[in-house]
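One file, protein02.csv, is given below (CSV, C-alpha atoms and all ligand atoms).
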chain,number,residue,atom,x,y,z
A,1,MET,CA,-133.5,52.3,-144.2
A,2,ALA,CA,-134.8,55.5,-142.7
A,3,LYS,CA,-138.0,55.2,-140.7
A,4,GLY,CA,-141.1,57.1,-141.8
A,5,ARG,CA,-141.1,60.6,-140.4
A,6,ASP,CA,-144.6,60.4,-138.8
A,7,THR,CA,-144.0,57.1,-137.1
A,8,ALA,CA,-140.5,57.9,-135.8
A,9,SER,CA,-141.7,60.1,-133.0
A,10,ARG,CA,-144.1,57.4,-131.9
A,11,ILE,CA,-141.6,54.6,-131.5
A,12,LEU,CA,-141.5,53.1,-128.0
A,13,LEU,CA,-138.2,52.4,-126.4
A,14,GLN,CA,-139.6,49.1,-125.2
A,15,ASN,CA,-138.0,46.1,-123.6
A,16,ARG,CA,-134.6,47.6,-123.5
A,17,PRO,CA,-132.2,45.6,-121.4
A,18,GLN,CA,-130.9,47.6,-118.4
A,19,GLY,CA,-127.8,49.7,-118.9
A,20,SER,CA,-127.5,49.1,-122.6
A,21,LEU,CA,-128.8,52.3,-124.0
A,22,ASP,CA,-125.7,53.1,-125.9
A,23,GLU,CA,-125.9,49.8,-127.8
A,24,PHE,CA,-129.6,49.9,-128.4
A,25,LYS,CA,-130.5,49.9,-132.1
A,26,ILE,CA,-133.4,51.9,-133.3
A,27,THR,CA,-134.3,53.2,-136.8
A,28,GLY,CA,-131.4,51.3,-138.1
A,29,VAL,CA,-128.6,53.2,-136.3
A,30,ILE,CA,-126.6,52.7,-133.2
A,31,MET,CA,-127.3,55.6,-130.8
A,32,LYS,CA,-124.3,57.9,-130.8
A,33,TYR,CA,-125.3,59.6,-127.5
A,34,LYS,CA,-127.7,58.3,-124.9
A,35,ALA,CA,-130.3,61.0,-125.0
A,36,PHE,CA,-130.1,62.2,-128.6
A,37,TRP,CA,-128.5,61.2,-131.9
A,38,LEU,CA,-128.5,61.7,-135.7
A,39,ASN,CA,-130.6,59.1,-137.4
A,40,ASP,CA,-129.7,57.6,-140.8
A,41,SER,CA,-131.6,60.4,-142.6
A,42,ASP,CA,-129.3,62.8,-140.7
A,43,GLU,CA,-132.2,64.2,-138.8
A,44,LEU,CA,-132.1,64.5,-135.0
A,45,GLU,CA,-133.8,62.1,-132.7
A,46,VAL,CA,-134.1,62.8,-129.0
A,47,ILE,CA,-135.7,60.9,-126.0
A,48,ASP,CA,-138.8,63.0,-125.1
A,49,GLN,CA,-138.0,63.9,-121.5
A,50,THR,CA,-141.5,65.4,-120.9
A,51,LEU,CA,-142.9,61.8,-121.0
A,52,LEU,CA,-140.2,60.1,-118.9
A,53,PRO,CA,-140.2,58.0,-116.8
A,54,HIS,CA,-143.6,56.5,-117.6
A,55,GLU,CA,-143.5,56.7,-121.4
A,56,LYS,CA,-140.4,56.2,-123.5
A,57,LYS,CA,-140.8,57.8,-126.8
A,58,ILE,CA,-138.5,59.2,-129.4
A,59,HIS,CA,-139.1,62.7,-130.7
A,60,LEU,CA,-138.0,63.6,-134.2
A,61,ILE,CA,-136.4,67.0,-135.0
A,62,ARG,CA,-136.1,67.9,-138.7
A,63,THR,CA,-135.8,71.7,-138.7
A,64,PRO,CA,-134.2,74.5,-136.7
A,65,GLU,CA,-137.6,75.6,-135.6
A,66,GLU,CA,-138.3,72.1,-134.2
A,67,ALA,CA,-135.0,72.2,-132.5
A,68,ALA,CA,-135.8,75.5,-130.8
A,69,ASP,CA,-139.3,74.3,-129.9
A,70,SER,CA,-138.0,71.1,-128.3
A,71,ILE,CA,-135.7,73.2,-126.1
A,72,LYS,CA,-138.5,75.6,-125.2
A,73,LYS,CA,-141.0,72.8,-124.3
A,74,MET,CA,-138.3,70.9,-122.4
A,75,ILE,CA,-138.6,67.8,-124.6
A,76,VAL,CA,-134.9,68.1,-124.2
A,77,ARG,CA,-133.4,69.8,-121.2
A,78,GLY,CA,-130.3,70.1,-119.1
A,79,ALA,CA,-127.6,72.7,-119.9
A,80,GLY,CA,-125.4,70.4,-122.0
A,81,THR,CA,-128.1,68.6,-123.9
A,82,ILE,CA,-129.8,71.9,-124.9
A,83,GLY,CA,-126.4,73.1,-126.1
A,84,SER,CA,-126.0,69.9,-128.2
A,85,VAL,CA,-129.5,70.1,-129.6
A,86,ALA,CA,-128.9,73.8,-130.5
A,87,ALA,CA,-125.7,72.9,-132.3
A,88,PHE,CA,-127.5,70.1,-134.3
A,89,GLY,CA,-130.3,72.7,-134.9
A,90,ILE,CA,-127.7,74.9,-136.7
A,91,TYR,CA,-126.7,71.9,-138.8
A,92,LEU,CA,-130.4,71.3,-139.7
A,93,SER,CA,-130.6,75.0,-140.6
A,94,ALA,CA,-127.5,74.8,-142.8
A,95,LYS,CA,-129.0,71.9,-144.7
A,96,SER,CA,-132.4,73.5,-145.2
A,97,HIS,CA,-130.9,76.7,-146.5
A,98,SER,CA,-128.3,75.0,-148.8
A,99,GLY,CA,-125.5,76.4,-146.7
A,100,ASP,CA,-126.5,80.1,-147.0
A,101,TYR,CA,-124.7,81.8,-144.1
A,102,GLU,CA,-127.1,84.7,-143.6
A,103,SER,CA,-130.1,82.4,-143.3
A,104,VAL,CA,-128.3,80.2,-140.8
A,105,LEU,CA,-127.4,83.3,-138.9
A,106,LYS,CA,-131.1,84.3,-138.6
A,107,ASP,CA,-132.0,80.8,-137.4
A,108,SER,CA,-129.1,80.9,-134.9
A,109,ASP,CA,-130.7,83.9,-133.2
A,110,MET,CA,-134.0,82.1,-132.9
A,111,ILE,CA,-132.3,79.0,-131.4
A,112,ARG,CA,-130.2,81.1,-129.0
A,113,LYS,CA,-133.4,82.6,-127.5
A,114,ALA,CA,-135.1,79.3,-126.8
A,115,ARG,CA,-134.2,79.4,-123.1
A,116,PRO,CA,-132.4,82.1,-121.2
A,117,THR,CA,-130.5,80.7,-118.2
A,118,ALA,CA,-128.2,77.9,-119.3
A,119,VAL,CA,-125.2,79.6,-120.9
A,120,ASN,CA,-124.3,76.4,-122.7
A,121,LEU,CA,-127.0,77.2,-125.2
A,122,GLU,CA,-125.5,80.5,-126.3
A,123,TRP,CA,-122.0,79.1,-126.0
A,124,ALA,CA,-122.8,76.2,-128.4
A,125,VAL,CA,-124.6,78.6,-130.9
A,126,ASN,CA,-121.7,81.1,-130.8
A,127,ARG,CA,-119.2,78.3,-131.3
A,128,MET,CA,-121.1,76.9,-134.3
A,129,MET,CA,-121.5,80.3,-135.9
A,130,GLN,CA,-117.9,81.2,-135.5
A,131,SER,CA,-116.9,77.9,-137.1
A,132,LEU,CA,-119.1,78.7,-140.1
A,133,GLU,CA,-117.8,82.2,-140.8
A,134,GLY,CA,-116.5,82.6,-144.3
A,135,LEU,CA,-118.1,79.4,-145.5
A,136,SER,CA,-121.0,78.7,-147.9
A,137,GLY,CA,-122.8,75.9,-149.7
A,138,ASN,CA,-121.6,72.3,-149.1
A,139,ASP,CA,-118.5,73.5,-147.2
A,140,LEU,CA,-120.7,75.2,-144.7
A,141,ILE,CA,-123.0,72.2,-144.4
A,142,LYS,CA,-120.1,69.8,-143.9
A,143,LYS,CA,-118.5,72.0,-141.3
A,144,ALA,CA,-121.9,72.5,-139.4
A,145,ARG,CA,-122.2,68.7,-139.2
A,146,SER,CA,-118.7,68.0,-138.0
A,147,GLU,CA,-118.7,70.9,-135.5
A,148,SER,CA,-122.0,69.9,-133.9
A,149,ILE,CA,-120.8,66.3,-133.5
A,150,ALA,CA,-117.5,67.6,-132.1
A,151,ILE,CA,-119.4,69.6,-129.4
A,152,SER,CA,-121.2,66.5,-128.1
A,153,ASP,CA,-118.1,64.2,-128.5
A,154,GLU,CA,-116.2,66.7,-126.4
A,155,ASP,CA,-119.0,66.6,-123.8
A,156,VAL,CA,-118.6,62.8,-123.6
A,157,LYS,CA,-114.9,63.2,-122.7
A,158,ARG,CA,-115.5,66.2,-120.4
A,159,THR,CA,-118.1,64.4,-118.3
A,160,GLU,CA,-116.0,61.2,-118.1
A,161,GLU,CA,-113.2,63.3,-116.6
A,162,ILE,CA,-115.6,65.1,-114.2
A,163,GLY,CA,-116.7,61.6,-113.1
A,164,ARG,CA,-113.1,60.6,-112.4
A,165,LEU,CA,-112.3,63.7,-110.4
A,166,GLY,CA,-115.6,63.7,-108.5
A,167,CYS,CA,-115.1,60.0,-107.6
A,168,GLY,CA,-111.7,61.0,-106.2
A,169,ILE,CA,-113.5,63.4,-103.9
A,170,ILE,CA,-116.0,60.7,-102.9
A,171,LYS,CA,-113.1,58.4,-101.9
A,172,ASP,CA,-111.4,61.2,-99.9
A,173,ILE,CA,-114.6,61.9,-97.9
A,174,MET,CA,-115.1,58.2,-97.2
A,175,LYS,CA,-111.5,57.9,-96.0
A,176,LYS,CA,-111.7,61.0,-93.9
A,177,LYS,CA,-115.0,59.9,-92.3
A,178,ASN,CA,-113.9,56.3,-92.1
A,179,ILE,CA,-117.1,55.1,-93.7
A,180,ASN,CA,-117.6,52.2,-96.2
A,181,LYS,CA,-120.8,53.5,-97.6
A,182,ILE,CA,-121.5,57.0,-98.9
A,183,ASN,CA,-124.8,58.9,-99.1
A,184,VAL,CA,-125.0,61.6,-101.8
A,185,LEU,CA,-127.9,64.0,-102.2
A,186,THR,CA,-128.6,65.5,-105.6
A,187,HIS,CA,-131.1,68.1,-106.9
A,188,CYS,CA,-132.7,68.2,-110.4
A,189,ASN,CA,-131.2,66.0,-113.1
A,190,ALA,CA,-127.6,66.4,-114.1
A,191,GLY,CA,-127.1,63.0,-115.6
A,192,TRP,CA,-126.8,61.6,-119.1
A,193,LEU,CA,-130.2,63.1,-120.0
A,194,GLY,CA,-128.8,66.5,-119.2
A,195,ILE,CA,-125.4,66.2,-120.9
A,196,ALA,CA,-123.7,63.6,-123.0
A,197,ASP,CA,-122.9,61.1,-121.9
A,198,SER,CA,-122.1,60.6,-118.2
A,199,GLY,CA,-123.8,63.7,-116.8
A,200,THR,CA,-122.1,66.1,-114.5
A,201,ALA,CA,-123.4,65.7,-110.9
A,202,LEU,CA,-124.2,62.0,-111.6
A,203,ALA,CA,-120.9,61.3,-113.3
A,204,PRO,CA,-119.0,60.6,-110.0
A,205,VAL,CA,-121.9,58.4,-108.9
A,206,TYR,CA,-121.6,56.3,-112.1
A,207,GLU,CA,-117.8,56.1,-111.7
A,208,ALA,CA,-118.1,55.1,-108.0
A,209,LYS,CA,-120.6,52.4,-108.9
A,210,LYS,CA,-118.2,51.2,-111.6
A,211,GLN,CA,-115.4,51.0,-109.1
A,212,GLY,CA,-117.5,48.9,-106.7
A,213,ILE,CA,-118.0,51.7,-104.1
A,214,ASP,CA,-121.1,51.3,-101.9
A,215,ILE,CA,-123.1,54.4,-102.9
A,216,HIS,CA,-126.6,55.5,-102.3
A,217,VAL,CA,-128.3,58.7,-103.7
A,218,TRP,CA,-131.0,60.8,-102.1
A,219,VAL,CA,-132.9,62.1,-105.1
A,220,ASP,CA,-134.8,65.4,-104.5
A,221,GLU,CA,-138.1,65.3,-106.4
A,222,THR,CA,-137.4,68.8,-107.7
A,223,ARG,CA,-140.8,70.4,-108.1
A,224,PRO,CA,-142.3,71.7,-110.2
A,225,ARG,CA,-141.0,69.7,-113.2
A,226,ASN,CA,-139.9,66.7,-111.1
A,227,GLN,CA,-136.5,66.2,-112.7
A,228,GLY,CA,-135.9,63.9,-109.7
A,229,ALA,CA,-138.1,61.4,-111.5
A,230,LEU,CA,-135.6,61.6,-114.4
A,231,THR,CA,-132.7,61.1,-112.1
A,232,SER,CA,-134.5,58.1,-110.5
A,233,PHE,CA,-135.1,56.7,-114.0
A,234,GLU,CA,-131.4,57.1,-114.9
A,235,LEU,CA,-130.2,55.6,-111.6
A,236,SER,CA,-132.6,52.6,-112.0
A,237,GLU,CA,-131.3,52.1,-115.6
A,238,ASN,CA,-127.8,52.0,-114.2
A,239,GLY,CA,-128.5,49.9,-111.1
A,240,VAL,CA,-127.6,52.6,-108.6
A,241,SER,CA,-129.2,52.4,-105.1
A,242,HIS,CA,-131.4,55.5,-104.6
A,243,THR,CA,-134.3,56.9,-102.7
A,244,TYR,CA,-136.8,59.6,-103.9
A,245,ILE,CA,-137.4,62.3,-101.3
A,246,ALA,CA,-139.7,65.4,-101.0
A,247,ASP,CA,-137.9,68.6,-101.8
A,248,ASN,CA,-138.2,69.7,-98.1
A,249,ALA,CA,-136.6,66.5,-96.7
A,250,GLY,CA,-132.9,67.2,-97.4
A,251,GLY,CA,-132.2,69.6,-94.5
A,252,HIS,CA,-133.7,67.1,-92.0
A,253,LEU,CA,-131.5,64.3,-93.4
A,254,MET,CA,-128.4,66.5,-93.2
A,255,GLN,CA,-129.2,67.3,-89.6
A,256,ARG,CA,-129.4,63.5,-88.9
A,257,GLY,CA,-126.0,62.8,-90.5
A,258,GLU,CA,-127.6,60.9,-93.3
A,259,VAL,CA,-126.0,63.0,-96.1
A,260,ASP,CA,-122.2,62.8,-96.6
A,261,LEU,CA,-122.0,65.0,-99.8
A,262,VAL,CA,-124.2,67.1,-102.1
A,263,LEU,CA,-123.5,67.0,-105.8
A,264,VAL,CA,-125.4,69.3,-108.2
A,265,GLY,CA,-125.0,70.5,-111.8
A,266,ALA,CA,-125.4,74.1,-113.0
A,267,ASP,CA,-126.7,76.2,-115.8
A,268,ARG,CA,-124.4,79.2,-115.5
A,269,VAL,CA,-121.5,79.9,-113.1
A,270,THR,CA,-120.3,83.5,-113.0
A,271,GLY,CA,-116.7,84.7,-112.6
A,272,ASN,CA,-117.0,84.8,-108.8
A,273,GLY,CA,-118.4,81.3,-108.5
A,274,ASP,CA,-122.1,82.2,-108.0
A,275,THR,CA,-124.1,79.4,-109.5
A,276,ALA,CA,-127.5,79.3,-111.2
A,277,ASN,CA,-129.1,75.8,-111.0
A,278,LYS,CA,-132.6,74.4,-110.8
A,279,ILE,CA,-134.9,76.2,-108.3
A,280,GLY,CA,-134.3,74.9,-104.8
A,281,THR,CA,-130.6,74.3,-105.1
A,282,TYR,CA,-129.9,77.4,-103.0
A,283,LEU,CA,-131.9,76.0,-100.0
A,284,LYS,CA,-129.9,72.8,-100.2
A,285,ALA,CA,-126.6,74.7,-100.2
A,286,ALA,CA,-127.7,76.7,-97.2
A,287,ALA,CA,-128.7,73.6,-95.3
A,288,ALA,CA,-125.4,71.9,-96.3
A,289,LYS,CA,-123.4,74.8,-95.0
A,290,ASP,CA,-125.3,74.8,-91.7
A,291,ASN,CA,-124.6,71.1,-91.3
A,292,ASP,CA,-120.9,71.0,-92.6
A,293,VAL,CA,-121.9,68.8,-95.5
A,294,PRO,CA,-119.6,69.3,-98.5
A,295,PHE,CA,-121.5,70.9,-101.4
A,296,TYR,CA,-119.9,70.6,-104.9
A,297,VAL,CA,-121.0,72.0,-108.2
A,298,LEU,CA,-120.0,69.9,-111.3
A,299,ILE,CA,-119.8,71.6,-114.7
A,300,PRO,CA,-117.9,71.5,-118.0
A,301,VAL,CA,-115.8,74.7,-118.3
A,302,SER,CA,-118.4,75.8,-121.0
A,303,THR,CA,-120.9,76.5,-118.1
A,304,PHE,CA,-118.7,79.3,-116.8
A,305,ASP,CA,-119.9,82.8,-117.9
A,306,PHE,CA,-116.7,84.8,-117.3
A,307,LYS,CA,-118.5,87.9,-118.8
A,308,MET,CA,-120.7,88.0,-115.7
A,309,LYS,CA,-119.1,89.0,-112.4
A,310,THR,CA,-121.8,87.9,-110.0
A,311,GLY,CA,-125.0,85.8,-110.0
A,312,PHE,CA,-127.2,88.8,-109.8
A,313,GLU,CA,-126.6,89.3,-113.5
A,314,ILE,CA,-127.9,85.8,-114.5
A,315,PRO,CA,-131.2,85.9,-116.4
A,316,ILE,CA,-133.6,83.7,-114.5
A,317,GLU,CA,-136.2,81.9,-116.6
A,318,GLU,CA,-139.9,82.3,-115.5
A,319,ARG,CA,-142.0,79.5,-116.8
A,320,ASN,CA,-145.8,78.9,-117.1
A,321,GLU,CA,-147.7,78.8,-113.9
A,322,ASP,CA,-149.4,75.5,-114.9
A,323,GLU,CA,-146.1,73.7,-114.1
A,324,VAL,CA,-146.7,74.6,-110.5
A,325,LEU,CA,-150.5,74.3,-110.4
A,326,PHE,CA,-150.7,70.9,-112.0
A,327,VAL,CA,-149.0,67.5,-111.4
A,328,GLN,CA,-148.8,64.6,-113.8
A,329,GLY,CA,-148.4,61.0,-113.0
A,330,LEU,CA,-149.6,57.4,-113.3
A,331,ASP,CA,-152.8,56.2,-111.6
A,332,GLU,CA,-153.3,52.7,-110.3
A,333,ASN,CA,-154.5,51.6,-113.8
A,334,ASN,CA,-151.2,52.7,-115.3
A,335,GLU,CA,-152.8,55.6,-117.0
A,336,ILE,CA,-151.2,59.1,-117.1
A,337,HIS,CA,-153.3,61.9,-115.7
A,338,LYS,CA,-152.7,65.6,-115.1
A,339,LEU,CA,-154.2,66.9,-111.8
A,340,ARG,CA,-154.7,70.4,-110.4
A,341,ILE,CA,-153.5,71.0,-106.8
A,342,PRO,CA,-154.6,74.4,-105.5
A,343,PRO,CA,-158.1,76.0,-105.9
A,344,VAL,CA,-159.0,77.0,-109.5
A,345,THR,CA,-158.9,80.7,-108.5
A,346,THR,CA,-155.2,80.5,-107.3
A,347,HIS,CA,-152.3,81.6,-109.4
A,348,ALA,CA,-148.7,80.5,-109.2
A,349,LYS,CA,-145.2,82.0,-109.7
A,350,ASN,CA,-142.7,79.8,-111.4
A,351,PRO,CA,-139.0,80.9,-111.3
A,352,ALA,CA,-137.2,77.9,-112.9
A,353,PHE,CA,-133.7,78.6,-111.4
A,354,ASP,CA,-132.1,80.2,-108.4
A,355,VAL,CA,-128.6,81.4,-107.6
A,356,THR,CA,-126.4,79.8,-105.0
A,357,PRO,CA,-123.9,82.3,-103.6
A,358,ALA,CA,-120.3,81.2,-104.0
A,359,ARG,CA,-119.7,81.3,-100.2
A,360,LEU,CA,-122.0,78.2,-99.8
A,361,ILE,CA,-120.1,76.1,-102.4
A,362,THR,CA,-117.2,73.8,-101.3
A,363,GLY,CA,-115.7,73.5,-104.7
A,364,ILE,CA,-116.4,73.4,-108.5
A,365,ILE,CA,-115.5,70.2,-110.3
A,366,THR,CA,-114.7,70.7,-114.0
A,367,GLU,CA,-112.9,68.5,-116.6
A,368,GLU,CA,-109.9,70.8,-116.0
A,369,GLY,CA,-109.7,70.2,-112.3
A,370,VAL,CA,-111.4,71.3,-109.0
A,371,VAL,CA,-111.4,75.0,-108.2
A,372,ASP,CA,-112.5,77.0,-105.2
A,373,ALA,CA,-115.7,79.1,-105.8
A,374,ASP,CA,-114.1,82.5,-105.6
A,375,GLU,CA,-113.1,85.1,-108.2
A,376,LYS,CA,-109.3,84.8,-107.6
A,377,SER,CA,-109.2,81.0,-107.8
A,378,ILE,CA,-111.4,80.9,-110.9
A,379,SER,CA,-109.6,83.6,-112.8
A,380,GLU,CA,-106.2,82.2,-112.0
A,381,LYS,CA,-107.2,78.7,-112.9
A,382,PHE,CA,-108.9,79.6,-116.2
A,383,LYS,CA,-106.8,82.7,-117.0
A,384,TYR,CA,-109.7,84.3,-118.7
A,385,PRO,CA,-109.3,87.6,-120.2
A,386,ALA,CA,-111.5,90.2,-118.5
A,387,GLY,CA,-114.9,90.7,-120.1
A,388,SER,CA,-114.8,87.6,-122.3
A,389,GLN,CA,-115.5,83.9,-122.4
B,401,LIG,O1,-134.8,73.2,-116.4
B,401,LIG,P1,-133.8,72.1,-116.7
B,401,LIG,O2,-134.4,70.8,-116.4
B,401,LIG,O3,-133.2,72.3,-118.0
B,401,LIG,O4,-132.7,72.5,-115.6
B,401,LIG,C1,-131.6,71.6,-115.5
B,401,LIG,C2,-130.6,71.9,-114.4
B,401,LIG,O5,-130.8,72.8,-113.6
B,401,LIG,C3,-129.4,71.0,-114.4
B,401,LIG,O6,-128.9,70.8,-113.1
B,401,LIG,C4,-128.3,71.6,-115.2
B,401,LIG,O7,-128.8,72.1,-116.5
B,401,LIG,C5,-127.1,70.7,-115.4
B,401,LIG,S1,-127.5,69.3,-116.5
B,401,LIG,C6,-126.0,68.6,-116.9

Could I get this file's structure written as structure tokens?
Amino acid sequence: MAKGRDTASRILLQNRPQGSLDEFKITGVIMKYKAFWLNDSDELEVIDQTLLPHEKKIHLIRTPEEAADSIKKMIVRGAGTIGSVAAFGIYLSAKSHSGDYESVLKDSDMIRKARPTAVNLEWAVNRMMQSLEGLSGNDLIKKARSESIAISDEDVKRTEEIGRLGCGIIKDIMKKKNINKINVLTHCNAGWLGIADSGTALAPVYEAKKQGIDIHVWVDETRPRNQGALTSFELSENGVSHTYIADNAGGHLMQRGEVDLVLVGADRVTGNGDTANKIGTYLKAAAAKDNDVPFYVLIPVSTFDFKMKTGFEIPIEERNEDEVLFVQGLDENNEIHKLRIPPVTTHAKNPAFDVTPARLITGIITEEGVVDADEKSISEKFKYPAGSQ
């Protein structure tokens, strides 16, 4: 039985046993992916990431407008997840317009514009629309459903492979340094909340944990949106040892030899290996280079934008100043409050991403293998035709 629409978004993900998200039953269905899924009314349900880690609620998405809105407001976030939600948004559009291609095309434009930096969003929308060309009515609706599921199913496989390859690098580093415990630093959240279903930067961490490797993660808080709290939530759910650190602490820990490896995800990687990721990633890469700490970017191949030659071309999202001016958290009575930090007369600037130059990157780990971050290696490996993706 389908759950009532108004109550579905209020359901608490309560008393869930640790590490069993994929088996957890809610609204009568087994979750297909950990952070989002189609319910038994064929509407999209997502974990509301704006409320994590303190409140666990499901947010219901019934229309393409709601899909675009959930991406804009970062109810869903992370390059892969917003691509998946965009694809399901096209499916919802197909249903609401009875498979009329022109109407879906209009909606696809709206969804594509929801956020500018992560190329996976436009990649997913383009793939969906290409697959629907020449179709109409029920055929179009059926294809929209199967293609949107295929995109996320493929991400599940891609991220598993990224995990295996990244874990190989973890083992190599441990062998080379002759250590039996490894300390990884990560920035933002590139786990299963950010892409189905193993994450990118966190996929090797989960694989290492599975293989019994002694691993500890330094989790950057990642102001202003504090995606580090999401990473801490994930790592707690998966029983991985971790410590939350202030954004400015990473360089100091690297100088003291307390970081063996930096793993980050990305929102767009250009043809020369320049990498846009969450604001602050660049500073970590610079500190890693200065301290000879390997710095890897982990992405599905769909995060490459071969149309762009360098990182200067990447559109960098500017978000509302309130994200910098205010913090939100739990007080001692377990109540959530939003508090202003600087004086009420002060304004803030809020660029959401920065670009790490390729020269600071040790390697890029994809589901198709590990590649050096330079134009020659990338173009040879992926044999992309000039000016295309
Ligand atoms: O603004 P966000 O939270 O969507 O930014 C997310 C990131 O920067 C992630 O590192 C990236 O999207 C990879 S998620 C697999």

task = Give me the residues within 9 Å of A:Thr222 as a PyMOL selection string, counting all atoms listed in the file and dropping any in the same chain fewer than 2 places off.
result = chain A and resi 187-189+219-220+224-229+246-247+278-280

task = Tell me, as JSON, numbers by chain, which residues lie within 8 Å of A:Val293, counting all atoms listed in the file; anything in the same chain fewer than 6 positions away does not count.
result = {"A": [254, 259, 260, 261, 262]}

Ligand LIG 401 (chain B) neighbours within 6 Å using all atoms listed in the file, as a PyMOL selection string = chain A and resi 77-80+188-191+194-195+199-200+265-267+277-278

task = Counting all atoms listed in the file, find the residues whose atoms lie at most 7 Å from (-120.1, 84.3, -115.0) (file coordinates) and write them out as a list in words.
result = Arg268, Val269, Thr270, Gly271, Asn272, Phe304, Asp305, Phe306, Lys307, Met308, Lys309 and Thr310 of chain A

List every protein, DNA or RNA residue that has at least one atom no more than 12 Å from (-127.0, 78.9, -147.2) in the file's coordinates, counting all atoms listed in the file, and write the result as a PDB file with C-alpha atoms, keeping the file's coordinate frame.
ATOM      1  CA  ILE A  90    -127.700  74.900-136.700  1.00  0.00           C
ATOM      2  CA  TYR A  91    -126.700  71.900-138.800  1.00  0.00           C
ATOM      3  CA  LEU A  92    -130.400  71.300-139.700  1.00  0.00           C
ATOM      4  CA  SER A  93    -130.600  75.000-140.600  1.00  0.00           C
ATOM      5  CA  ALA A  94    -127.500  74.800-142.800  1.00  0.00           C
ATOM      6  CA  LYS A  95    -129.000  71.900-144.700  1.00  0.00           C
ATOM      7  CA  SER A  96    -132.400  73.500-145.200  1.00  0.00           C
ATOM      8  CA  HIS A  97    -130.900  76.700-146.500  1.00  0.00           C
ATOM      9  CA  SER A  98    -128.300  75.000-148.800  1.00  0.00           C
ATOM     10  CA  GLY A  99    -125.500  76.400-146.700  1.00  0.00           C
ATOM     11  CA  ASP A 100    -126.500  80.100-147.000  1.00  0.00           C
ATOM     12  CA  TYR A 101    -124.700  81.800-144.100  1.00  0.00           C
ATOM     13  CA  GLU A 102    -127.100  84.700-143.600  1.00  0.00           C
ATOM     14  CA  SER A 103    -130.100  82.400-143.300  1.00  0.00           C
ATOM     15  CA  VAL A 104    -128.300  80.200-140.800  1.00  0.00           C
ATOM     16  CA  LEU A 105    -127.400  83.300-138.900  1.00  0.00           C
ATOM     17  CA  LYS A 106    -131.100  84.300-138.600  1.00  0.00           C
ATOM     18  CA  ASP A 107    -132.000  80.800-137.400  1.00  0.00           C
ATOM     19  CA  LEU A 132    -119.100  78.700-140.100  1.00  0.00           C
ATOM     20  CA  GLU A 133    -117.800  82.200-140.800  1.00  0.00           C
ATOM     21  CA  GLY A 134    -116.500  82.600-144.300  1.00  0.00           C
ATOM     22  CA  LEU A 135    -118.100  79.400-145.500  1.00  0.00           C
ATOM     23  CA  SER A 136    -121.000  78.700-147.900  1.00  0.00           C
ATOM     24  CA  GLY A 137    -122.800  75.900-149.700  1.00  0.00           C
ATOM     25  CA  ASN A 138    -121.600  72.300-149.100  1.00  0.00           C
ATOM     26  CA  ASP A 139    -118.500  73.500-147.200  1.00  0.00           C
ATOM     27  CA  LEU A 140    -120.700  75.200-144.700  1.00  0.00           C
ATOM     28  CA  ILE A 141    -123.000  72.200-144.400  1.00  0.00           C
ATOM     29  CA  LYS A 142    -120.100  69.800-143.900  1.00  0.00           C
ATOM     30  CA  ALA A 144    -121.900  72.500-139.400  1.00  0.00           C
TER      31      ALA A 144
END

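Considering only C-alpha atoms, the residue among A:Pro342, A:Gly166, A:Gly257, A:Pro116 positioned nearest to A:Asn183 is A:Gly257.
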
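We find atom CA of A:Met74 and atom CA of A:Gln49 to be spaced 7.1 Å apart.
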
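Contact shell of A:Ile341 at 9 Å (all atoms listed in the file; same-chain neighbours under 6 positions omitted): Val324, Leu325, Phe326 and Val327 of chain A.
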
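Of the residues listed (A:Ser84, A:Lys34, A:Glu237, A:Glu122), A:Glu237 shows the shortest atom-to-atom separation from A:Pro53; distances use all atoms listed in the file.
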
ask   = For the atom pair atom CA of A:Ala196 and atom CA of A:Val119, what is the interatomic distance in Å to one decimal place?
value = 16.2 Å
